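Engineer: Please read through the structure below; I'll follow up with questions.
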Amino acid sequence: MFRNRLKTILYAFTITLTLSIIMGAQAFTSYEADLEKRLASKKFIQPTEFYTAPFVFKIGTITNKDLLTERFLKLNFRQRVDDQRLLNGDFKWLNKAHCLELFSQTTPAEDLSYCLFFVNKNVSPEDSSRETQGIILNEDGLILSLYKGQILTPIESISLEPELLAQYLNAEPIMQEELALNDIPTYCPNAVMAIEDANFLTHSGFSVTGTLRGLLMPILRGKKPQGGSTITQQLVKNYFLTNERTIKRKAEELILSVLIEKKFTKDQILETYLNIIYMGQNGPFQLLGFGAASKYYFQKKLADISLPECALLAAILNGPGVYNPFTKRDKAIQRRNLVLLKMKDLQLISEHEYEDAKQAPLPVKKPNLASETAPYYLDAVRKQMKELNLPLEGAKIFTGLNLELQQMAQDSLKKHLESLEKDNKKIRELKEKGAILEGAILSADPKNGLVSVAVGGRNFRMTQFNRAIDAHRQVGSIFKPLVYLTALNHNNTDGSFIHPLSLIKDDKFEVKYEKQKWSPENYTKKFYGEVPLYFALKNSLNAATAKIGIDIGLEEIIKTAKSMGATSELKPLPSLTLGSFEMTPHEVLQIYTNMANLGRSKKLSFITSVIDKENHISFKLSNQSEILFDEASISTLLSVMKQTTKTGSAKLISLAKYPFQVAGKTGTTSDYKDAWFAGITPFMSTIVWVGYDQNLVSGLTGASGAVPIWIDFMKQASINQADVDFPFDETKVRKVVITKEILEKAGVPNNIEPEIETFELLFDNNKIPSFLK
């Protein structure tokens, strides 16, 4: 009876296995080429890797030796000394005597104190030369000069390689550090083989007894297929197949295991396994591989861990939740000691090593849980990848993210919003009712359009809605510069020039359109009569802005806005002049970045370059630009907008003693639901928005809601920047110091600017008014 039952079981098993092999051979033939590529790159499922912008060294900035050393070591550079040769990924310091031998002809001896040399590791497509780079510093840490190349040629700036920011497997954040097998302590692979697969070096991918046990168990005992997997099979089932536990899946696992063993060496298989096996969780991050696990559990590089620590990692991989040394200490130590016993029995360690290792304590200090870094920025990067039609899997994405600035911006936003919720009665009452005040900050380099900061809200965990790029909000007064830009590019109906001192009527008036009436009012409910153009813009006068906008032509304003980067639908209605339509902060940043670039296009990008999983450059940010608008008109406009931050609606910036040149515009919507500030400097364009997702009335203005955030962030972000002006072309515009006498000649009423002595404005060289000639 038993013999007949056994015969039936073996017959069924033979047929099932044969059919699975036949089907598997057809289904998996196409896997071979892909397997070779993936294993050669040591990844079965290739993660997406995001890199920050490289750290840039500039002449005139201040640092110190300890800070620089820490930065290089954090990037896993190797520190060398004296005459040791620098290879890729090395750095070393030289004392004053050695520095003088190299630079006495180019750097004053009395200033030079020490110097640093390094060679990058060529992580990004931008750093293809791997040349030696040098930094010369004085005693105070001031960077005196910079050099690059074998001949050490002077250069304005040099940079480190980009820093790995985050890794994702599909949409899941991971921590993973790839290591070559010869960089992994021998105890670690030996420990894994001892506990998981003692015959790994001799079998052909699967264990006959283990596989039969796993397949026969459902028939003999009515249970699901069991384990019995080799290291190779574990690799296959975790990264090629589903978690379904059936005979068919077990057969597929066996087929692929044999195929892998046929194609690749034992060292390749073991190295891949040790780099990608799941080792637990650090907050939302999956720990993949021994490299990441070592840093998490021991706060050490894998190369520095000991025998008992290798044994513990081998214990953990069997069940990271069950054998977690921080939460399941008894089980963890029992499993670790079992690993050590197996190693001793297999003569991989001595009796003495075994006894000593058994006594070693487990790690006791649980590290802080990691949180996703710059999640709003990475969300924007993923969306740009989708727009570019580039796959995420296996891509190395080099971004413009400045991690330090991102944190500064996030902190500045949070601090001011919390302050408003505490000190502003209306905001405090709304919070008590459950309404959360939100905000966004975006910042970019106008020279290349690269976005360095993207904060889309107070807390990504609370809400993943990315207001920086996805929120469509009414823009209000930050649209007004486009009205005045249109005017500066046109003449009056009588043919006279429009310039910063042109007089505009700031009176109450009414417009009739489409059987409706519209009459703009100023924020103060006061009208000034005739005012100069610059005064109307810097003080954000609604009536004057609407009047000149309607006179110039609403369609002309729309043309200007579109040419400067607006993509939202704009309708030629009178309220267009006051920004009564919606844009995203990203769209506003594009417009103001083009302004800062004096009318040349620099399309915003969160990405500098992308390397696909085949190691090909699939995207690289273009340096090309085109002229969007008349440079003289934009230069004139910026000179007026600089007055906004000195004596106009954003004068808080001047009062806060922000030390650099800045042109800006506050934005407040008529219903007080949105508060904006757009502030641009020669080196950074920054947009701030504050409001409620539910479109509640906050009562905040651009000056009270957004400007303080801009100031707090930019004061930190601008440290070590050079105090330079926008690159105005003197052949196109003329700088004029405006005095009371000139205002009088221009016909400006005496009640306008009675307390201001002098200030500067630019005029188009082709539109100089007669009273200035």
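Every chain in the structure tokens takes a letter, A first, then B, and so on in the order presented; its residues are numbered from 1, and the ligands are numbered from 1 following the presented order.
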Where in region 440-675 of chain A does DSSP assign helix (DSSP H, G or I), given as a ChimeraX atom specification?
Structural biologist: /A:467-470,476-488,533-538,542-552,554-563,574-578,585-596,631-647,652-655
Engineer: Any idea what's packed within 12 Å of Leu165 (chain A), counting only C-alpha atoms, ignoring anything in its chain fewer than 6 positions away? Could you give it as a PyMOL selection string?
Structural biologist: chain A and resi 48-54+75+173-176+371-375+377-378+396-403
Engineer: Suppose we keep C-alpha atoms; can you now write the selection as a PDB file, in the first residue's frame?
Structural biologist:
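Printed below is part22.pdb as written:
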```pdb
ATOM      1  CA  THR A  48      16.865  54.309  -8.873  1.00  0.00           C
ATOM      2  CA  GLU A  49      19.619  56.454  -7.387  1.00  0.00           C
ATOM      3  CA  PHE A  50      19.251  60.185  -6.760  1.00  0.00           C
ATOM      4  CA  TYR A  51      22.317  62.409  -6.342  1.00  0.00           C
ATOM      5  CA  THR A  52      22.558  65.937  -4.956  1.00  0.00           C
ATOM      6  CA  ALA A  53      24.262  68.781  -6.754  1.00  0.00           C
ATOM      7  CA  PRO A  54      28.032  68.709  -6.223  1.00  0.00           C
ATOM      8  CA  LEU A  75      31.900  61.005   0.633  1.00  0.00           C
ATOM      9  CA  PRO A 173      12.982  53.844  -0.334  1.00  0.00           C
ATOM     10  CA  ILE A 174      16.006  51.665   0.334  1.00  0.00           C
ATOM     11  CA  MET A 175      19.461  51.841   1.874  1.00  0.00           C
ATOM     12  CA  GLN A 176      22.082  49.911  -0.029  1.00  0.00           C
ATOM     13  CA  SER A 371      13.323  59.825   7.352  1.00  0.00           C
ATOM     14  CA  GLU A 372      13.097  60.428   3.642  1.00  0.00           C
ATOM     15  CA  THR A 373      15.314  63.338   2.655  1.00  0.00           C
ATOM     16  CA  ALA A 374      13.912  66.201   0.544  1.00  0.00           C
ATOM     17  CA  PRO A 375      10.771  64.227  -0.414  1.00  0.00           C
ATOM     18  CA  TYR A 377      12.170  67.732  -4.299  1.00  0.00           C
ATOM     19  CA  LEU A 378      12.407  64.058  -5.259  1.00  0.00           C
ATOM     20  CA  LYS A 396      21.282  57.365 -11.799  1.00  0.00           C
ATOM     21  CA  ILE A 397      19.655  60.796 -11.600  1.00  0.00           C
ATOM     22  CA  PHE A 398      21.889  63.793 -10.925  1.00  0.00           C
ATOM     23  CA  THR A 399      19.854  66.687  -9.568  1.00  0.00           C
ATOM     24  CA  GLY A 400      20.298  70.342  -8.744  1.00  0.00           C
ATOM     25  CA  LEU A 401      19.346  69.781  -5.105  1.00  0.00           C
ATOM     26  CA  ASN A 402      21.404  71.674  -2.554  1.00  0.00           C
ATOM     27  CA  LEU A 403      20.637  69.663   0.566  1.00  0.00           C
TER      28      LEU A 403
END
```
Engineer: Would you return as a PyMOL selection string the members of region 346-403 of chain A that DSSP assigns to strand (DSSP E or B) on this structure's backbone?
Structural biologist: chain A and resi 396-399
Engineer: For Thr668 (chain A), which residue among A:Lys148, A:Lys480, A:Arg461, A:His416 is the nearest when counting only C-alpha atoms?
Structural biologist: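 Nearest candidate to Thr668 (chain A) out of A:Lys148, A:Lys480, A:Arg461, A:His416: A:Lys480.
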Engineer: Determine the nearest neighbour of Ser477 (chain A) from the options A:Leu573, A:Ala675, A:Ile627, A:Leu437, counting only C-alpha atoms.
Structural biologist: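 The closest residue to Ser477 (chain A) is A:Ala675.
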Engineer: If you count only C-alpha atoms, which residues fall within 8 Å of Lys732 (chain A), apart from same-chain ones fewer than 5 positions away, as a list in words?
Structural biologist: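 Residues meeting the cut-off are Glu631, Ala632, Asp764, Asn765 and Asn766 of chain A.
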Engineer: Could the residues in this selection be written to a file with N, CA, C and O atoms, as an mmCIF file, in the first residue's frame?
Structural biologist:
```cif
data_model
loop_
_atom_site.group_PDB
_atom_site.id
_atom_site.type_symbol
_atom_site.label_atom_id
_atom_site.label_comp_id
_atom_site.auth_asym_id
_atom_site.auth_seq_id
_atom_site.Cartn_x
_atom_site.Cartn_y
_atom_site.Cartn_z
ATOM 1 N N GLU A 631 16.120 93.173 -23.625
ATOM 2 C CA GLU A 631 16.955 93.244 -22.421
ATOM 3 C C GLU A 631 16.891 94.601 -21.746
ATOM 4 O O GLU A 631 16.876 94.691 -20.517
ATOM 5 N N ALA A 632 16.835 95.670 -22.526
ATOM 6 C CA ALA A 632 16.803 97.014 -21.935
ATOM 7 C C ALA A 632 15.527 97.220 -21.116
ATOM 8 O O ALA A 632 15.561 97.816 -20.024
ATOM 9 N N ASP A 764 16.260 102.917 -20.571
ATOM 10 C CA ASP A 764 16.636 102.414 -21.897
ATOM 11 C C ASP A 764 17.353 103.534 -22.640
ATOM 12 O O ASP A 764 16.860 104.658 -22.739
ATOM 13 N N ASN A 765 18.559 103.234 -23.152
ATOM 14 C CA ASN A 765 19.335 104.264 -23.851
ATOM 15 C C ASN A 765 18.591 104.850 -25.048
ATOM 16 O O ASN A 765 18.897 105.965 -25.484
ATOM 17 N N ASN A 766 17.640 104.094 -25.578
ATOM 18 C CA ASN A 766 16.870 104.584 -26.729
ATOM 19 C C ASN A 766 15.592 105.291 -26.299
ATOM 20 O O ASN A 766 14.817 105.745 -27.151
#
```
Engineer: Quick check, in Å to one decimal: how far apart do CA of Lys512 (chain A) and CA of Thr493 (chain A) lie?
Structural biologist: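 Atom-to-atom, CA of Lys512 (chain A) and CA of Thr493 (chain A) are spaced 21.2 Å apart.
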Engineer: Which residues are near Lys745 (chain A)? Cut-off 9 Å, only C-alpha atoms, ignore same chain within fewer than 5 positions. Put them as a list in words.
Structural biologist: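 In the requested form, the answer reads Lys740, Phe771 and Leu772 of chain A.
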Engineer: If we count only C-alpha atoms, what is near region 186-201 of chain A at a cut-off of 9 Å, once residues fewer than 5 positions away on the same chain are taken out, given as a ChimeraX atom specification?
Structural biologist: /A:181,206-207,229-232,266,270-271,274,290,306-315,317-318,338-343,345-346,348-349
Engineer: Could you take the residues named above and write them with N, CA and C atoms, as a tab-separated table (two decimals), in the first residue's frame?
Structural biologist:
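Writing the result to selection.tsv gives the following:
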```tsv
chain	number	residue	atom	x	y	z
A	181	LEU	N	33.24	41.58	-3.42
A	181	LEU	CA	33.41	40.47	-2.49
A	181	LEU	C	34.72	40.59	-1.72
A	206	PHE	N	20.98	23.97	-6.71
A	206	PHE	CA	19.89	23.54	-5.84
A	206	PHE	C	20.32	22.30	-5.08
A	207	SER	N	19.63	22.08	-3.98
A	207	SER	CA	19.86	20.90	-3.16
A	207	SER	C	18.77	19.88	-3.49
A	229	SER	N	15.92	25.97	0.44
A	229	SER	CA	16.53	26.71	-0.66
A	229	SER	C	18.01	26.94	-0.44
A	230	THR	N	18.76	26.88	-1.53
A	230	THR	CA	20.17	27.26	-1.52
A	230	THR	C	20.27	28.77	-1.62
A	231	ILE	N	21.48	29.30	-1.48
A	231	ILE	CA	21.70	30.74	-1.66
A	231	ILE	C	21.26	31.16	-3.05
A	232	THR	N	21.58	30.35	-4.04
A	232	THR	CA	21.19	30.67	-5.42
A	232	THR	C	19.68	30.71	-5.56
A	266	LYS	N	30.64	31.27	-8.69
A	266	LYS	CA	30.16	31.28	-7.31
A	266	LYS	C	30.43	32.64	-6.65
A	270	LEU	N	27.55	34.95	-4.94
A	270	LEU	CA	27.64	35.27	-3.52
A	270	LEU	C	27.74	36.79	-3.31
A	271	GLU	N	28.52	37.46	-4.13
A	271	GLU	CA	28.66	38.92	-4.02
A	271	GLU	C	27.31	39.61	-4.23
A	274	LEU	N	24.99	39.02	-1.18
A	274	LEU	CA	25.36	39.81	-0.01
A	274	LEU	C	25.07	41.29	-0.18
A	290	PHE	N	24.59	43.62	3.09
A	290	PHE	CA	25.37	43.67	4.32
A	290	PHE	C	25.99	45.05	4.57
A	306	SER	N	33.54	42.64	13.04
A	306	SER	CA	34.24	41.47	13.59
A	306	SER	C	33.50	40.17	13.31
A	307	LEU	N	34.09	39.05	13.75
A	307	LEU	CA	33.46	37.73	13.59
A	307	LEU	C	32.06	37.67	14.21
A	308	PRO	N	31.86	38.04	15.48
A	308	PRO	CA	30.50	37.94	16.03
A	308	PRO	C	29.51	38.86	15.32
A	309	GLU	N	29.99	39.98	14.80
A	309	GLU	CA	29.10	40.89	14.08
A	309	GLU	C	28.71	40.31	12.72
A	310	CYS	N	29.66	39.66	12.04
A	310	CYS	CA	29.32	38.96	10.79
A	310	CYS	C	28.31	37.85	11.05
A	311	ALA	N	28.53	37.12	12.16
A	311	ALA	CA	27.61	36.03	12.51
A	311	ALA	C	26.21	36.57	12.80
A	312	LEU	N	26.14	37.75	13.43
A	312	LEU	CA	24.84	38.34	13.72
A	312	LEU	C	24.12	38.73	12.44
A	313	LEU	N	24.85	39.30	11.48
A	313	LEU	CA	24.22	39.65	10.20
A	313	LEU	C	23.70	38.40	9.50
A	314	ALA	N	24.48	37.32	9.55
A	314	ALA	CA	24.03	36.06	8.95
A	314	ALA	C	22.79	35.52	9.66
A	315	ALA	N	22.69	35.79	10.95
A	315	ALA	CA	21.51	35.37	11.72
A	315	ALA	C	20.30	36.20	11.34
A	317	LEU	N	19.54	37.78	8.55
A	317	LEU	CA	18.99	37.66	7.19
A	317	LEU	C	17.92	36.58	7.09
A	318	ASN	N	17.94	35.61	7.99
A	318	ASN	CA	16.93	34.55	7.95
A	318	ASN	C	15.55	35.07	8.34
A	338	LEU	N	24.13	30.03	17.03
A	338	LEU	CA	23.96	28.87	16.14
A	338	LEU	C	24.81	29.03	14.89
A	339	VAL	N	24.86	30.22	14.37
A	339	VAL	CA	25.71	30.50	13.20
A	339	VAL	C	27.17	30.22	13.56
A	340	LEU	N	27.60	30.68	14.71
A	340	LEU	CA	28.98	30.46	15.14
A	340	LEU	C	29.28	28.96	15.31
A	341	LEU	N	28.31	28.21	15.86
A	341	LEU	CA	28.49	26.77	16.03
A	341	LEU	C	28.64	26.08	14.68
A	342	LYS	N	27.81	26.48	13.71
A	342	LYS	CA	27.90	25.90	12.37
A	342	LYS	C	29.26	26.21	11.75
A	343	MET	N	29.74	27.43	11.96
A	343	MET	CA	31.05	27.80	11.42
A	343	MET	C	32.15	26.96	12.05
A	345	ASP	N	31.78	23.90	13.39
A	345	ASP	CA	31.62	22.52	12.93
A	345	ASP	C	32.18	22.33	11.53
A	346	LEU	N	32.08	23.38	10.72
A	346	LEU	CA	32.61	23.31	9.35
A	346	LEU	C	34.08	23.71	9.30
A	348	LEU	N	35.43	26.54	9.91
A	348	LEU	CA	35.65	27.87	9.35
A	348	LEU	C	36.22	28.80	10.41
A	349	ILE	N	36.03	28.43	11.68
A	349	ILE	CA	36.65	29.16	12.79
A	349	ILE	C	37.15	28.14	13.81
```
Engineer: Which one is closest to Tyr592 (chain A): A:Ala360, A:Val697, A:Ile62, A:Met684? Count only C-alpha atoms.
Structural biologist: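 Ranked by minimum distance to Tyr592 (chain A), first place goes to A:Met684.
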Engineer: With 12 Å as the cut-off and only C-alpha atoms counted, what is the closest atom pair between each nearby residue of region 455-544 of chain A and region 599-616 of chain A? Distances in Å to one decimal, ordered by chain and number, as JSON lines.
Structural biologist:
```
{"residue": "A:Ile469", "atom": "CA", "partner": "A:Phe606", "partner_atom": "CA", "distance": 11.3}
{"residue": "A:Leu482", "atom": "CA", "partner": "A:Gly599", "partner_atom": "CA", "distance": 11.9}
{"residue": "A:Leu485", "atom": "CA", "partner": "A:Gly599", "partner_atom": "CA", "distance": 10.8}
```
Engineer: Give me the residues near region 517-527 of chain A as an NGL selection string, where near means some atom within 10 Å (using only C-alpha atoms) and where sequence neighbours in that chain fewer than 6 positions away do not count.
Structural biologist: :A and (505-511 or 539-547 or 573-575 or 578 or 668 or 670 or 701)
Engineer: Go ahead and write the residues just picked, N, CA and C atoms, as a short mmCIF file (atom, residue, chain, number, x, y, z; two decimals), in the first residue's frame.
Structural biologist:
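File part.cif, as written:
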```cif
data_model
loop_
_atom_site.label_atom_id
_atom_site.label_comp_id
_atom_site.auth_asym_id
_atom_site.auth_seq_id
_atom_site.Cartn_x
_atom_site.Cartn_y
_atom_site.Cartn_z
N LYS A 505 -2.10 107.76 -14.01
CA LYS A 505 -3.19 108.20 -13.15
C LYS A 505 -3.59 107.10 -12.17
N ASP A 506 -3.52 107.44 -10.91
CA ASP A 506 -3.97 106.52 -9.86
C ASP A 506 -5.27 107.09 -9.28
N ASP A 507 -6.32 106.96 -10.05
CA ASP A 507 -7.64 107.46 -9.66
C ASP A 507 -8.65 106.34 -9.72
N LYS A 508 -9.75 106.54 -9.05
CA LYS A 508 -10.84 105.56 -9.12
C LYS A 508 -11.47 105.64 -10.51
N PHE A 509 -11.64 104.49 -11.15
CA PHE A 509 -12.30 104.46 -12.46
C PHE A 509 -13.06 103.15 -12.60
N GLU A 510 -13.89 103.09 -13.61
CA GLU A 510 -14.76 101.92 -13.81
C GLU A 510 -14.66 101.46 -15.25
N VAL A 511 -14.59 100.14 -15.42
CA VAL A 511 -14.54 99.54 -16.75
C VAL A 511 -15.78 98.68 -16.95
N ASN A 539 4.95 100.31 -4.86
CA ASN A 539 3.93 100.35 -3.82
C ASN A 539 2.69 99.54 -4.19
N SER A 540 2.77 98.84 -5.31
CA SER A 540 1.72 97.91 -5.73
C SER A 540 0.34 98.57 -5.79
N LEU A 541 0.26 99.72 -6.48
CA LEU A 541 -1.01 100.44 -6.61
C LEU A 541 -1.90 99.77 -7.65
N ASN A 542 -3.06 99.34 -7.24
CA ASN A 542 -3.95 98.60 -8.13
C ASN A 542 -4.54 99.47 -9.23
N ALA A 543 -5.03 100.65 -8.85
CA ALA A 543 -5.71 101.50 -9.83
C ALA A 543 -4.75 101.94 -10.93
N ALA A 544 -3.56 102.38 -10.56
CA ALA A 544 -2.58 102.83 -11.55
C ALA A 544 -2.16 101.67 -12.46
N THR A 545 -1.95 100.49 -11.87
CA THR A 545 -1.54 99.32 -12.65
C THR A 545 -2.62 98.93 -13.65
N ALA A 546 -3.86 98.88 -13.18
CA ALA A 546 -4.97 98.52 -14.07
C ALA A 546 -5.10 99.54 -15.20
N LYS A 547 -4.93 100.82 -14.88
CA LYS A 547 -5.08 101.88 -15.89
C LYS A 547 -4.05 101.75 -17.00
N LEU A 573 -9.21 89.88 -19.64
CA LEU A 573 -10.17 90.58 -18.80
C LEU A 573 -9.45 91.67 -18.02
N PRO A 574 -10.11 92.76 -17.66
CA PRO A 574 -9.43 93.85 -16.94
C PRO A 574 -8.72 93.40 -15.67
N SER A 575 -9.31 92.44 -14.95
CA SER A 575 -8.70 91.98 -13.69
C SER A 575 -7.41 91.19 -13.92
N LEU A 578 -4.28 92.65 -12.43
CA LEU A 578 -4.02 92.51 -11.00
C LEU A 578 -3.82 91.05 -10.60
N THR A 668 -0.44 89.83 -3.10
CA THR A 668 -1.57 89.61 -2.20
C THR A 668 -2.82 89.56 -3.04
N SER A 670 -6.88 89.71 -3.88
CA SER A 670 -7.90 90.65 -3.41
C SER A 670 -8.73 90.10 -2.27
N THR A 701 -0.89 89.38 3.95
CA THR A 701 -0.40 90.01 2.72
C THR A 701 0.93 89.35 2.33
#
```
Engineer: For a quick check of understanding, using only C-alpha atoms, which of A:Gln359, A:Gln406, A:Thr577, A:Thr645 has the smallest distance to Gln334 (chain A)?
Structural biologist: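 The answer is A:Gln359, which sits nearest to Gln334 (chain A).
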Engineer: Given only C-alpha atoms as the basis, pick out the residue of A:Met714, A:Leu392, A:Leu589, A:Met279 nearest to Lys295 (chain A).
Structural biologist: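 Looking at the shortest contact to Lys295 (chain A), the residue is A:Met279.
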Engineer: So which residues touch Tyr147 (chain A) within 12 Å, counting only C-alpha atoms, skipping near sequence neighbours fewer than 6 positions away, as a PyMOL selection string?
Structural biologist: chain A and resi 57-59+102-103+106-107+115-119+131-137+153-159
Engineer: Write out the residues from the selection above, keeping C-alpha atoms, as a compact mmCIF listing (two decimals), in the first residue's frame.
Structural biologist:
```txt
# COMPACT_ATOMS: atom_id res chain seq x y z
CA PHE A 57 34.39 75.63 -3.90
CA LYS A 58 34.73 79.30 -4.84
CA ILE A 59 37.53 81.80 -4.30
CA LEU A 102 54.09 74.52 -5.65
CA PHE A 103 52.47 77.95 -5.48
CA THR A 106 50.98 82.49 -7.88
CA THR A 107 49.95 82.94 -4.22
CA CYS A 115 46.52 73.45 0.81
CA LEU A 116 44.36 70.46 -0.08
CA PHE A 117 44.48 68.24 -3.15
CA PHE A 118 41.94 65.68 -4.31
CA VAL A 119 40.89 63.55 -7.28
CA GLU A 131 41.97 65.56 -12.77
CA THR A 132 43.83 66.64 -9.66
CA GLN A 133 42.22 69.66 -8.04
CA GLY A 134 43.77 72.00 -5.49
CA ILE A 135 42.48 74.43 -2.85
CA ILE A 136 44.77 77.05 -1.30
CA LEU A 137 43.69 78.50 2.07
CA THR A 153 45.97 75.73 -13.89
CA PRO A 154 44.18 78.50 -11.92
CA ILE A 155 40.39 78.24 -12.09
CA GLU A 156 37.42 80.19 -10.66
CA SER A 157 35.65 77.23 -9.07
CA ILE A 158 36.03 73.50 -8.56
CA SER A 159 33.59 70.93 -7.27
```
Engineer: In Å, how far is it from CA of Val707 (chain A) to CA of Ser568 (chain A)?
Structural biologist: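 Separation of CA of Val707 (chain A) and CA of Ser568 (chain A): 24.7 Å.
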Engineer: Using only C-alpha atoms, which residue out of A:Ile151, A:Ile305, A:Val737, A:Leu488 lies closest to Ala293 (chain A)?
Structural biologist: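 With only C-alpha atoms as the atom set, the closest residue is A:Ile305.
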